[in-house]
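K.L.:
Compact mmCIF, C-alpha atoms, saved as entry.txt, coming up:
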# COMPACT_ATOMS: atom_id res chain seq x y z
CA MET A 171 6.13 -48.22 82.94
CA SER A 172 7.64 -48.34 79.45
CA LYS A 173 7.14 -45.49 77.02
CA THR A 174 5.47 -46.33 73.71
CA LYS A 175 7.82 -45.60 70.79
CA SER A 176 6.74 -43.32 68.00
CA LYS A 177 6.65 -44.60 64.41
CA LYS A 178 9.76 -42.54 63.62
CA GLU A 179 11.64 -44.06 66.58
CA ILE A 180 10.68 -47.58 65.50
CA GLU A 181 11.88 -46.95 61.95
CA THR A 182 15.15 -45.50 63.25
CA ALA A 183 15.67 -48.50 65.54
CA ASN A 184 15.11 -50.91 62.64
CA ILE A 185 17.36 -49.08 60.20
CA ALA A 186 20.17 -49.10 62.76
CA ASP A 187 20.11 -52.90 62.68
CA PRO A 188 21.38 -54.18 59.29
CA SER A 189 19.60 -57.50 59.83
CA GLN A 190 16.31 -55.58 59.63
CA TRP A 191 17.06 -53.91 56.31
CA ASN A 192 14.87 -54.74 53.34
CA PHE A 193 16.00 -57.20 50.67
CA GLY A 194 17.23 -54.65 48.12
CA THR A 195 19.35 -52.81 50.70
CA LYS A 196 20.90 -56.11 51.80
CA CYS A 197 21.71 -56.93 48.17
CA LEU A 198 23.85 -53.82 48.03
CA GLN A 199 25.25 -53.46 51.51
CA ALA A 200 25.24 -56.79 53.37
CA GLY A 201 28.45 -58.80 53.72
CA TRP A 202 31.16 -56.16 53.51
CA LYS A 203 31.38 -53.85 56.54
CA PRO A 204 34.11 -51.28 55.80
CA LYS A 205 35.83 -49.60 58.71
CA VAL A 206 36.86 -45.96 58.74
CA GLY A 207 39.15 -45.25 55.82
CA GLU A 208 38.57 -48.62 54.12
CA PRO A 209 37.09 -49.02 50.60
CA ARG A 210 33.31 -48.76 50.60
CA VAL A 211 33.10 -51.21 47.69
CA LEU A 212 34.19 -54.78 48.43
CA PRO A 213 37.80 -55.12 47.22
CA ILE A 214 39.46 -58.18 45.72
CA PHE A 215 41.84 -59.71 48.24
CA GLN A 216 43.92 -61.46 45.59
CA SER A 217 46.12 -63.43 47.95
CA THR A 218 46.58 -67.09 48.78
CA THR A 219 48.29 -66.44 52.12
CA TYR A 220 47.91 -64.37 55.30
CA LYS A 221 50.58 -63.00 57.60
CA TYR A 222 50.87 -63.97 61.27
CA GLU A 223 53.51 -63.18 63.86
CA ASP A 224 52.71 -65.72 66.53
CA VAL A 225 53.02 -69.50 66.08
CA ASP A 226 50.34 -69.94 68.72
CA ASP A 227 47.82 -68.01 66.59
CA VAL A 228 48.38 -70.32 63.62
CA GLU A 229 48.16 -73.36 65.87
CA ARG A 230 44.78 -72.17 67.15
CA LEU A 231 43.60 -71.62 63.57
CA PHE A 232 44.40 -75.20 62.61
CA ALA A 233 42.73 -76.53 65.76
CA LEU A 234 39.54 -74.53 65.03
CA LYS A 235 40.03 -72.65 68.29
CA GLN A 236 40.40 -69.30 66.55
CA SER A 237 38.69 -67.86 63.48
CA GLY A 238 40.63 -66.29 60.63
CA ASN A 239 42.17 -66.93 57.23
CA LYS A 240 45.03 -69.35 56.94
CA TYR A 241 44.93 -70.27 53.24
CA THR A 242 42.52 -69.15 50.53
CA ARG A 243 41.36 -72.69 49.81
CA THR A 244 39.38 -72.56 53.07
CA GLY A 245 38.84 -68.83 53.50
CA ASN A 246 39.45 -65.41 51.95
CA PRO A 247 38.08 -61.96 52.89
CA THR A 248 36.43 -61.33 49.50
CA VAL A 249 34.90 -64.80 49.46
CA ALA A 250 33.80 -64.40 53.07
CA ALA A 251 31.97 -61.16 52.25
CA PHE A 252 30.08 -62.90 49.43
CA GLU A 253 29.26 -65.82 51.75
CA SER A 254 28.02 -63.41 54.41
CA LYS A 255 25.77 -61.57 51.95
CA ILE A 256 24.09 -64.68 50.56
CA THR A 257 23.68 -66.01 54.11
CA GLU A 258 21.85 -62.81 55.01
CA LEU A 259 19.67 -62.95 51.90
CA GLU A 260 18.66 -66.58 52.47
CA GLY A 261 18.24 -66.16 56.23
CA GLY A 262 20.80 -68.79 57.24
CA VAL A 263 23.56 -69.01 59.85
CA GLY A 264 26.54 -69.47 57.54
CA ALA A 265 27.67 -70.36 54.03
CA VAL A 266 30.54 -71.93 52.12
CA ALA A 267 31.23 -70.78 48.55
CA THR A 268 32.56 -73.23 45.98
CA ALA A 269 34.08 -73.23 42.50
CA SER A 270 30.80 -74.15 40.76
CA GLY A 271 27.20 -75.08 41.42
CA GLN A 272 28.02 -78.72 40.80
CA SER A 273 30.75 -78.65 43.45
CA ALA A 274 28.29 -77.03 45.85
CA VAL A 275 25.88 -79.95 45.45
CA LEU A 276 28.72 -82.44 45.90
CA LEU A 277 30.10 -80.66 48.98
CA ALA A 278 26.70 -80.40 50.68
CA ILE A 279 25.86 -84.06 50.14
CA SER A 280 29.36 -85.38 50.92
CA ASN A 281 29.28 -83.53 54.22
CA LEU A 282 26.64 -85.99 55.43
CA VAL A 283 26.52 -89.06 53.20
CA LYS A 284 29.00 -91.92 52.91
CA ALA A 285 29.14 -95.40 51.34
CA GLY A 286 26.15 -97.46 52.40
CA ASP A 287 23.89 -94.43 52.86
CA HIS A 288 20.81 -93.53 50.86
CA ILE A 289 19.33 -90.36 49.34
CA VAL A 290 15.79 -89.52 48.27
CA ALA A 291 15.78 -86.96 45.45
CA SER A 292 13.34 -85.37 43.07
CA LYS A 293 13.63 -86.70 39.52
CA HIS A 294 12.87 -83.17 38.27
CA ILE A 295 16.37 -81.79 38.79
CA TYR A 296 19.19 -80.48 36.64
CA GLY A 297 20.75 -83.18 34.46
CA GLY A 298 24.20 -82.75 36.01
CA SER A 299 22.79 -83.25 39.51
CA TYR A 300 20.80 -86.28 38.34
CA THR A 301 23.94 -87.87 36.87
CA LEU A 302 25.97 -87.04 39.98
CA LEU A 303 23.44 -88.88 42.14
CA SER A 304 22.51 -91.74 39.82
CA VAL A 305 25.96 -92.57 38.41
CA ARG A 306 28.89 -90.97 40.17
CA LEU A 307 27.76 -91.37 43.78
CA ALA A 308 26.31 -94.79 43.00
CA LYS A 309 29.83 -95.91 42.06
CA LEU A 310 30.91 -94.80 45.54
CA GLY A 311 28.28 -96.94 47.24
CA ILE A 312 25.64 -94.25 47.76
CA GLU A 313 22.19 -95.11 46.39
CA THR A 314 19.51 -92.62 45.38
CA ALA A 315 15.78 -93.20 45.01
CA PHE A 316 14.25 -90.70 42.59
CA ILE A 317 10.70 -89.60 43.31
CA ASN A 318 8.11 -87.48 41.55
CA PRO A 319 7.65 -84.59 44.00
CA GLU A 320 4.09 -84.15 42.75
CA ASP A 321 3.11 -87.62 43.98
CA SER A 322 1.17 -88.08 47.19
CA ILE A 323 2.84 -88.24 50.58
CA ALA A 324 1.90 -91.91 50.79
CA GLU A 325 3.65 -92.64 47.50
CA ILE A 326 6.81 -90.64 48.27
CA ARG A 327 7.00 -92.20 51.73
CA LYS A 328 7.77 -95.57 50.09
CA ALA A 329 11.14 -94.26 48.85
CA PHE A 330 12.57 -93.70 52.33
CA ARG A 331 14.75 -96.31 54.04
CA PRO A 332 16.32 -96.62 57.49
CA ASN A 333 19.64 -95.48 55.98
CA THR A 334 18.21 -92.44 54.14
CA LYS A 335 20.27 -89.38 55.09
CA VAL A 336 19.05 -86.58 52.78
CA LEU A 337 15.92 -85.43 50.94
CA PHE A 338 16.93 -83.32 47.94
CA GLY A 339 14.98 -81.23 45.44
CA GLU A 340 15.00 -78.00 43.43
CA THR A 341 12.67 -75.08 44.18
CA ILE A 342 12.03 -74.75 40.44
CA GLY A 343 13.02 -77.94 38.63
CA ASN A 344 15.41 -77.49 35.71
CA PRO A 345 14.07 -77.78 33.05
CA ALA A 346 10.68 -79.33 33.87
CA LEU A 347 9.83 -76.21 35.95
CA GLY A 348 7.79 -77.91 38.62
CA ILE A 349 7.76 -76.02 41.93
CA LEU A 350 8.32 -77.89 45.17
CA ASP A 351 5.47 -78.16 47.61
CA PHE A 352 7.63 -77.22 50.59
CA GLU A 353 4.96 -78.04 53.14
CA LYS A 354 4.53 -81.61 51.86
CA LEU A 355 8.23 -82.40 51.48
CA SER A 356 9.35 -80.76 54.71
CA LYS A 357 6.67 -82.78 56.49
CA LEU A 358 8.18 -85.97 55.07
CA ALA A 359 11.70 -84.87 56.02
CA LYS A 360 10.56 -84.30 59.59
CA GLU A 361 8.69 -87.62 59.65
CA PHE A 362 11.85 -89.53 58.72
CA ASP A 363 14.10 -87.10 60.61
CA VAL A 364 16.40 -86.30 57.69
CA PRO A 365 17.64 -82.89 56.50
CA PHE A 366 15.83 -81.30 53.58
CA PHE A 367 18.25 -79.92 50.95
CA VAL A 368 16.87 -77.45 48.38
CA ASP A 369 18.63 -76.14 45.28
CA ASN A 370 17.25 -72.62 44.98
CA THR A 371 19.18 -71.63 41.83
CA LEU A 372 16.32 -70.74 39.49
CA ALA A 373 14.21 -69.01 42.12
CA THR A 374 16.90 -67.11 44.07
CA PRO A 375 16.16 -65.75 47.56
CA PHE A 376 14.41 -62.79 45.94
CA LEU A 377 11.49 -65.00 44.91
CA VAL A 378 11.49 -67.47 47.79
CA ARG A 379 13.59 -68.39 50.81
CA PRO A 380 13.29 -72.16 51.34
CA LEU A 381 14.57 -71.98 54.92
CA GLN A 382 11.35 -70.21 55.83
CA HIS A 383 9.36 -73.17 54.51
CA GLY A 384 11.06 -76.13 56.16
CA ALA A 385 14.31 -76.56 54.24
CA ASN A 386 17.50 -77.08 56.27
CA VAL A 387 20.23 -76.48 53.69
CA VAL A 388 20.04 -74.31 50.55
CA ILE A 389 22.29 -74.72 47.52
CA HIS A 390 22.92 -72.38 44.58
CA SER A 391 24.72 -72.49 41.32
CA ALA A 392 25.82 -68.88 41.72
CA THR A 393 26.82 -69.03 38.04
CA LYS A 394 23.18 -68.42 37.15
CA TYR A 395 21.01 -65.56 38.48
CA ILE A 396 23.36 -64.60 41.32
CA ASP A 397 26.04 -63.73 38.76
CA GLY A 398 23.40 -62.78 36.20
CA HIS A 399 25.80 -61.90 33.40
CA ALA A 400 27.36 -65.24 32.39
CA ILE A 401 30.87 -64.20 33.41
CA ALA A 402 31.75 -66.18 36.56
CA LEU A 403 31.44 -69.76 37.78
CA GLY A 404 30.56 -70.31 41.41
CA GLY A 405 28.41 -72.16 43.88
CA VAL A 406 27.34 -71.72 47.47
CA VAL A 407 25.87 -73.82 50.29
CA ILE A 408 23.86 -72.08 53.02
CA ASP A 409 23.22 -73.67 56.40
CA GLY A 410 19.80 -72.91 57.87
CA GLY A 411 20.90 -73.78 61.39
CA ASN A 412 17.51 -75.42 61.96
CA TYR A 413 18.25 -79.15 62.05
CA ASN A 414 19.04 -81.28 65.11
CA TRP A 415 22.34 -82.99 64.25
CA ASP A 416 22.35 -84.66 67.69
CA ASN A 417 19.66 -87.15 66.66
CA GLY A 418 22.11 -90.06 66.37
CA LYS A 419 22.14 -90.22 62.57
CA PHE A 420 25.16 -88.01 61.98
CA PRO A 421 27.92 -88.96 64.44
CA ASP A 422 30.60 -87.19 62.37
CA LEU A 423 29.07 -83.87 63.39
CA VAL A 424 28.88 -84.81 67.05
CA GLU A 425 31.86 -87.01 67.87
CA PRO A 426 35.34 -85.46 68.30
CA ASP A 427 37.24 -84.88 65.06
CA ALA A 428 40.80 -86.09 65.63
CA GLN A 429 42.04 -83.98 62.69
CA TYR A 430 41.02 -80.81 64.52
CA ALA A 431 42.11 -81.26 68.15
CA ASN A 432 39.10 -83.53 68.89
CA THR A 433 36.61 -80.77 68.10
CA SER A 434 32.92 -81.67 68.21
CA TYR A 435 31.23 -79.53 65.57
CA THR A 436 27.88 -79.45 67.34
CA GLN A 437 29.48 -78.46 70.64
CA LYS A 438 31.88 -75.91 69.15
CA PHE A 439 29.70 -74.31 66.46
CA GLY A 440 26.14 -75.01 67.65
CA ARG A 441 23.57 -74.14 64.98
CA ALA A 442 26.35 -73.64 62.39
CA ALA A 443 27.82 -77.13 62.89
CA PHE A 444 26.97 -78.35 59.37
CA ILE A 445 28.63 -75.49 57.53
CA ALA A 446 31.65 -75.41 59.86
CA LYS A 447 32.30 -79.09 59.14
CA ALA A 448 31.79 -78.57 55.39
CA ARG A 449 34.51 -75.92 55.36
CA ALA A 450 36.91 -77.64 57.73
CA GLN A 451 36.77 -81.04 56.06
CA PHE A 452 35.40 -81.04 52.54
CA LEU A 453 36.39 -77.61 51.24
CA ARG A 454 39.86 -78.38 52.57
CA ASP A 455 40.03 -81.92 51.13
CA PHE A 456 38.16 -81.52 47.83
CA GLY A 457 39.71 -78.12 47.15
CA ALA A 458 36.82 -76.81 45.02
CA CYS A 459 37.06 -73.29 46.42
CA LEU A 460 35.75 -70.08 44.90
CA SER A 461 38.41 -67.68 43.61
CA PRO A 462 38.51 -64.17 45.15
CA PHE A 463 38.02 -62.61 41.71
CA ASN A 464 34.89 -64.66 41.02
CA ALA A 465 33.59 -63.88 44.51
CA PHE A 466 33.98 -60.19 43.65
CA LEU A 467 31.99 -60.67 40.43
CA LEU A 468 29.28 -62.70 42.14
CA ASN A 469 28.95 -60.06 44.83
CA LEU A 470 28.45 -57.45 42.10
CA GLY A 471 25.75 -59.67 40.61
CA LEU A 472 23.92 -59.80 43.94
CA GLU A 473 23.85 -56.01 44.04
CA THR A 474 21.24 -55.96 41.24
CA LEU A 475 19.42 -59.22 41.94
CA HIS A 476 16.37 -57.38 43.31
CA LEU A 477 16.17 -55.34 40.10
CA ARG A 478 16.78 -58.13 37.60
CA MET A 479 14.47 -60.84 38.93
CA PRO A 480 11.23 -58.83 38.50
CA GLN A 481 12.22 -58.03 34.91
CA HIS A 482 13.18 -61.64 34.15
CA SER A 483 9.81 -62.74 35.55
CA ALA A 484 7.80 -60.10 33.69
CA ASN A 485 9.53 -60.80 30.37
CA ALA A 486 9.11 -64.56 30.76
CA LEU A 487 5.41 -64.14 31.48
CA ALA A 488 4.97 -61.94 28.40
CA LEU A 489 6.76 -64.47 26.18
CA ALA A 490 4.83 -67.40 27.69
CA GLU A 491 1.54 -65.65 27.00
CA TYR A 492 2.56 -65.01 23.39
CA LEU A 493 3.73 -68.60 22.82
CA SER A 494 0.56 -70.05 24.33
CA LYS A 495 -1.41 -68.36 21.54
CA ASN A 496 0.90 -69.34 18.68
CA PRO A 497 -0.55 -72.22 16.58
CA ALA A 498 2.94 -73.55 15.81
CA VAL A 499 3.52 -74.28 19.51
CA ASN A 500 2.41 -77.61 20.99
CA TRP A 501 2.49 -76.54 24.63
CA VAL A 502 3.98 -73.96 27.01
CA SER A 503 5.19 -74.46 30.57
CA TYR A 504 5.81 -71.46 32.77
CA PRO A 505 4.89 -71.48 36.47
CA GLY A 506 4.02 -67.78 36.34
CA LEU A 507 1.03 -68.45 34.06
CA LYS A 508 -2.18 -68.52 36.08
CA THR A 509 -3.25 -71.59 34.09
CA ASN A 510 -0.10 -73.50 35.13
CA PRO A 511 -0.69 -76.11 37.87
CA ASN A 512 2.39 -74.83 39.74
CA TYR A 513 1.03 -71.29 39.99
CA LYS A 514 -0.66 -72.21 43.27
CA HIS A 515 2.77 -72.83 44.82
CA ILE A 516 3.96 -69.40 43.72
CA ARG A 517 0.96 -67.87 45.45
CA LYS A 518 1.59 -69.93 48.57
CA TYR A 519 5.36 -69.79 49.00
CA PHE A 520 6.94 -66.99 46.93
CA ASP A 521 7.69 -63.60 48.49
CA TYR A 522 7.59 -62.03 45.03
CA LYS A 523 4.78 -63.51 42.94
CA GLY A 524 6.86 -64.03 39.81
CA GLY A 525 7.82 -67.25 38.09
CA SER A 526 11.51 -66.44 37.46
CA GLY A 527 12.98 -66.21 33.97
CA VAL A 528 12.89 -69.75 32.59
CA LEU A 529 10.14 -71.27 30.47
CA THR A 530 9.84 -74.26 28.16
CA PHE A 531 7.71 -74.92 25.12
CA GLY A 532 7.19 -77.59 22.51
CA LEU A 533 7.60 -76.61 18.88
CA LYS A 534 5.70 -78.42 16.15
CA GLY A 535 7.67 -79.99 13.30
CA GLY A 536 10.20 -82.14 15.17
CA LYS A 537 13.97 -81.68 15.24
CA ALA A 538 14.09 -80.11 11.79
CA ALA A 539 11.79 -77.31 12.92
CA ILE A 540 13.77 -76.87 16.15
CA ARG A 541 17.03 -76.56 14.21
CA SER A 542 15.50 -73.99 11.85
CA PHE A 543 14.02 -72.04 14.73
CA VAL A 544 17.29 -71.85 16.65
CA LYS A 545 19.33 -70.80 13.59
CA ALA A 546 16.85 -68.02 12.79
CA LEU A 547 17.06 -66.32 16.22
CA LYS A 548 18.59 -62.84 16.25
CA VAL A 549 18.18 -61.55 19.81
CA ALA A 550 18.29 -64.90 21.60
CA ALA A 551 21.28 -67.23 21.28
CA LEU A 552 21.87 -70.97 21.60
CA VAL A 553 24.00 -71.43 24.72
CA VAL A 554 24.43 -74.04 27.46
CA HIS A 555 23.42 -71.70 30.24
CA VAL A 556 20.52 -70.21 32.14
CA GLY A 557 20.09 -67.09 34.26
CA ASP A 558 21.91 -64.62 32.02
CA ALA A 559 20.73 -61.04 31.47
CA ARG A 560 20.60 -61.98 27.76
CA THR A 561 17.94 -64.33 26.36
CA SER A 562 19.10 -67.81 25.40
CA VAL A 563 17.64 -71.14 24.28
CA LEU A 564 18.63 -74.78 24.59
CA HIS A 565 17.32 -78.17 23.46
CA PRO A 566 17.66 -80.28 26.66
CA ALA A 567 17.09 -83.67 25.01
CA THR A 568 20.28 -83.31 22.96
CA SER A 569 22.33 -81.44 25.56
CA THR A 570 21.93 -81.22 29.35
CA HIS A 571 19.77 -84.35 29.57
CA SER A 572 21.20 -86.32 26.64
CA GLN A 573 22.84 -88.78 29.08
CA LEU A 574 19.40 -90.01 30.10
CA SER A 575 17.48 -92.65 28.18
CA PRO A 576 14.35 -91.47 26.32
CA LYS A 577 12.26 -93.17 29.01
CA ASP A 578 14.12 -91.43 31.85
CA ARG A 579 13.90 -88.08 30.05
CA LEU A 580 10.14 -88.37 29.78
CA ALA A 581 9.96 -89.38 33.45
CA ALA A 582 11.91 -86.22 34.26
CA GLY A 583 9.41 -84.16 32.27
CA ILE A 584 11.58 -83.58 29.20
CA PRO A 585 9.93 -84.51 25.88
CA ASP A 586 11.96 -84.39 22.68
CA ASP A 587 10.17 -81.28 21.40
CA MET A 588 11.07 -79.23 24.48
CA ILE A 589 12.96 -75.95 24.01
CA ARG A 590 14.19 -74.30 27.20
CA VAL A 591 14.26 -70.52 27.18
CA SER A 592 16.21 -68.41 29.66
CA VAL A 593 14.40 -65.13 29.19
CA GLY A 594 16.66 -62.11 29.59
CA ILE A 595 16.00 -58.52 30.57
CA GLU A 596 15.97 -57.04 27.06
CA ASP A 597 12.90 -55.12 25.91
CA PRO A 598 10.14 -57.77 25.89
CA ARG A 599 8.85 -56.49 22.54
CA ASP A 600 12.15 -57.40 20.90
CA ILE A 601 12.21 -60.84 22.53
CA ILE A 602 8.69 -61.65 21.32
CA ALA A 603 9.37 -60.29 17.82
CA ASP A 604 12.49 -62.46 17.61
CA PHE A 605 10.60 -65.61 18.57
CA GLU A 606 7.79 -64.80 16.18
CA GLN A 607 10.08 -64.44 13.16
CA ALA A 608 12.09 -67.55 14.12
CA ILE A 609 8.94 -69.63 14.53
CA ASN A 610 7.74 -68.42 11.10
CA VAL A 611 11.05 -69.59 9.63
CA SER A 612 10.64 -73.00 11.27
CA ILE A 613 7.15 -73.34 9.76
CA LYS A 614 8.57 -72.68 6.30
CA GLY A 615 11.22 -75.33 6.79
CA GLY A 616 14.17 -73.00 7.33
CA LYS A 617 13.67 -70.99 4.15
Here is a file; write its structure as structure tokens.
P.N.:
Amino acid sequence: MSKTKSKKEIETANIADPSQWNFGTKCLQAGWKPKVGEPRVLPIFQSTTYKYEDVDDVERLFALKQSGNKYTRTGNPTVAAFESKITELEGGVGAVATASGQSAVLLAISNLVKAGDHIVASKHIYGGSYTLLSVRLAKLGIETAFINPEDSIAEIRKAFRPNTKVLFGETIGNPALGILDFEKLSKLAKEFDVPFFVDNTLATPFLVRPLQHGANVVIHSATKYIDGHAIALGGVVIDGGNYNWDNGKFPDLVEPDAQYANTSYTQKFGRAAFIAKARAQFLRDFGACLSPFNAFLLNLGLETLHLRMPQHSANALALAEYLSKNPAVNWVSYPGLKTNPNYKHIRKYFDYKGGSGVLTFGLKGGKAAIRSFVKALKVAALVVHVGDARTSVLHPATSTHSQLSPKDRLAAGIPDDMIRVSVGIEDPRDIIADFEQAINVSIKGGK
């Protein structure tokens, strides 16, 4: 007969298992496991090469029969620690870090899709991702059907084809700020038996973990909230380990790879087959690897993610509430507002009931007013970025989404009067005061 454990014994058992630690503790301590006498803080392994004494060891490395670092393009201890931490935070089975968020999207998609294949993607995605899918990959023979993720299942179902290989969307669309209905889209992905890729950049795993809601692969531009200080480029792809690659649609994951001693990724790596193949083939061949120094900086950013995201969310909500009452503002979109139609998805899916730090609003007076407003800002700055600790603004129609036609911009939820705000973690009173004085300047025509 087993003895019932006391509450203290249960807590001790949980704390002894790092996988059971709470999110904030993982932000600080997951990934790097120092041994006795080693640095407690993750060091920068600033090396391209690694010493071996046995030819057989190196041979096994190149045949994927032994794990280890052979060249920093495909693996480095500092990068590996960052990959391990974000894997733990997202609840996946493995990750590959890349040189940028854009290269992370490319690597994840290229790992599965080739000429003649088809993608279904949300039209409410970052402009760079939209262009990658609609222009660059189209030139390589890969077609994409763009859908409105807010449409009905019946309507979205029409976009799928027999050769569709990926369903792709963003947790919080940039900059339209729609929130994915994970239940609806994961149901469609399962119906057509394709993997569901989710870019979780604007939400971060602090707000929501897509793998818990039916996603199979998660992507981040780590340059944004993961870094949090606008100092380091980086991207990361996290494998959920929850898709059946043996379904006949992805033979490259199942059949022997002649380049690696006829290794079958599904047989060799099991649930981590997708991410193992991404590293072995595409990180090696494309070469868009994350530098050890940037991995060090991104790991530092993760250490405060659980502290920054609540403040970003609270400040954005305060600014959204102020703007919604300002007569010079046409409209305000922020999913954290209870009046926003996406608020129901925050209540349903988000672990922390905040809307992240990005909002958009329409300013009356056209481009002249927008120019005057931007020039008058004192705390906020005009930058091509989002997710910084400092508040910034951008006019998407003339920047990130300027490649799209006016019709396509509107379809993506980007009217010409839209100003995107990445709300920082300054004192919210100063942020609001700055916007108030800048709006007053725009009303007066820049005087």
K.L.:
Between A:Leu350, A:Leu467, A:Ala538, A:Cys197, which is the closest to Pro511 in chain A once you count all atoms listed in the file?
P.N.:
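Ranking A:Leu350, A:Leu467, A:Ala538, A:Cys197 by distance to Pro511 in chain A, first place goes to A:Leu350.
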K.L.:
How many Å separate CA of His476 in chain A from CA of Pro209 in chain A?
P.N.:
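Separating CA of His476 in chain A from CA of Pro209 in chain A is a distance of 23.5 Å.
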K.L.:
May I have the protein, DNA and RNA residues with any atom at most 6 Å from the point (12.5, -87.8, 45.7), counting all atoms listed in the file, written as a PyMOL selection string?
P.N.:
chain A and resi 290-292+316-317
K.L.:
Of the candidates A:Val387, A:Gly557, A:Ile396, A:Thr242, which one gets nearest to Ala448 in chain A if we count only C-alpha atoms?
P.N.:
A:Val387
K.L.:
Give me, please, the distance in Å between CA of Ser483 in chain A and CA of Lys514 in chain A, quoted to one decimal.
P.N.:
16.1 Å
K.L.:
Of the candidates A:Tyr413, A:Tyr296, A:Phe330, A:Phe456, which one gets nearest to Ile342 in chain A if we count only C-alpha atoms?
P.N.:
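Ranking A:Tyr413, A:Tyr296, A:Phe330, A:Phe456 by distance to Ile342 in chain A, first place goes to A:Tyr296.
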K.L.:
Got a sec to check which residues sit within 9 Å of (12.7, -65.1, 45.0), counting only C-alpha atoms, and write them as a list in words?
P.N.:
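Residues with an atom close enough to that point: Asn370, Leu372, Ala373, Thr374, Pro375, Phe376, Leu377, Val378, Arg379, His476, Met479, Phe520, Asp521, Tyr522, Lys523, Gly524, Gly525 and Ser526 of chain A.
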K.L.:
From the options A:Leu347, A:Val593, A:Ile389, A:Met588, which residue's atoms come nearest to Ala484 in chain A, counting only C-alpha atoms?
P.N.:
A:Val593
K.L.:
How would range 225-241 of chain A look written as an mmCIF file, in the first residue's frame with C-alpha atoms?
P.N.:
data_model
loop_
_atom_site.group_PDB
_atom_site.id
_atom_site.type_symbol
_atom_site.label_atom_id
_atom_site.label_comp_id
_atom_site.auth_asym_id
_atom_site.auth_seq_id
_atom_site.Cartn_x
_atom_site.Cartn_y
_atom_site.Cartn_z
ATOM 1 C CA VAL A 225 38.694 10.292 -36.510
ATOM 2 C CA ASP A 226 35.928 7.826 -35.733
ATOM 3 C CA ASP A 227 34.187 10.375 -33.488
ATOM 4 C CA VAL A 228 34.103 12.952 -36.286
ATOM 5 C CA GLU A 229 32.898 10.335 -38.743
ATOM 6 C CA ARG A 230 30.013 9.487 -36.428
ATOM 7 C CA LEU A 231 29.159 13.189 -36.104
ATOM 8 C CA PHE A 232 28.866 13.590 -39.862
ATOM 9 C CA ALA A 233 26.773 10.420 -40.141
ATOM 10 C CA LEU A 234 24.359 11.654 -37.424
ATOM 11 C CA LYS A 235 25.306 8.645 -35.305
ATOM 12 C CA GLN A 236 26.730 10.796 -32.512
ATOM 13 C CA SER A 237 25.630 14.148 -31.117
ATOM 14 C CA GLY A 238 28.037 17.037 -30.638
ATOM 15 C CA ASN A 239 29.411 20.188 -32.216
ATOM 16 C CA LYS A 240 31.408 19.933 -35.393
ATOM 17 C CA TYR A 241 31.147 23.477 -36.789
#
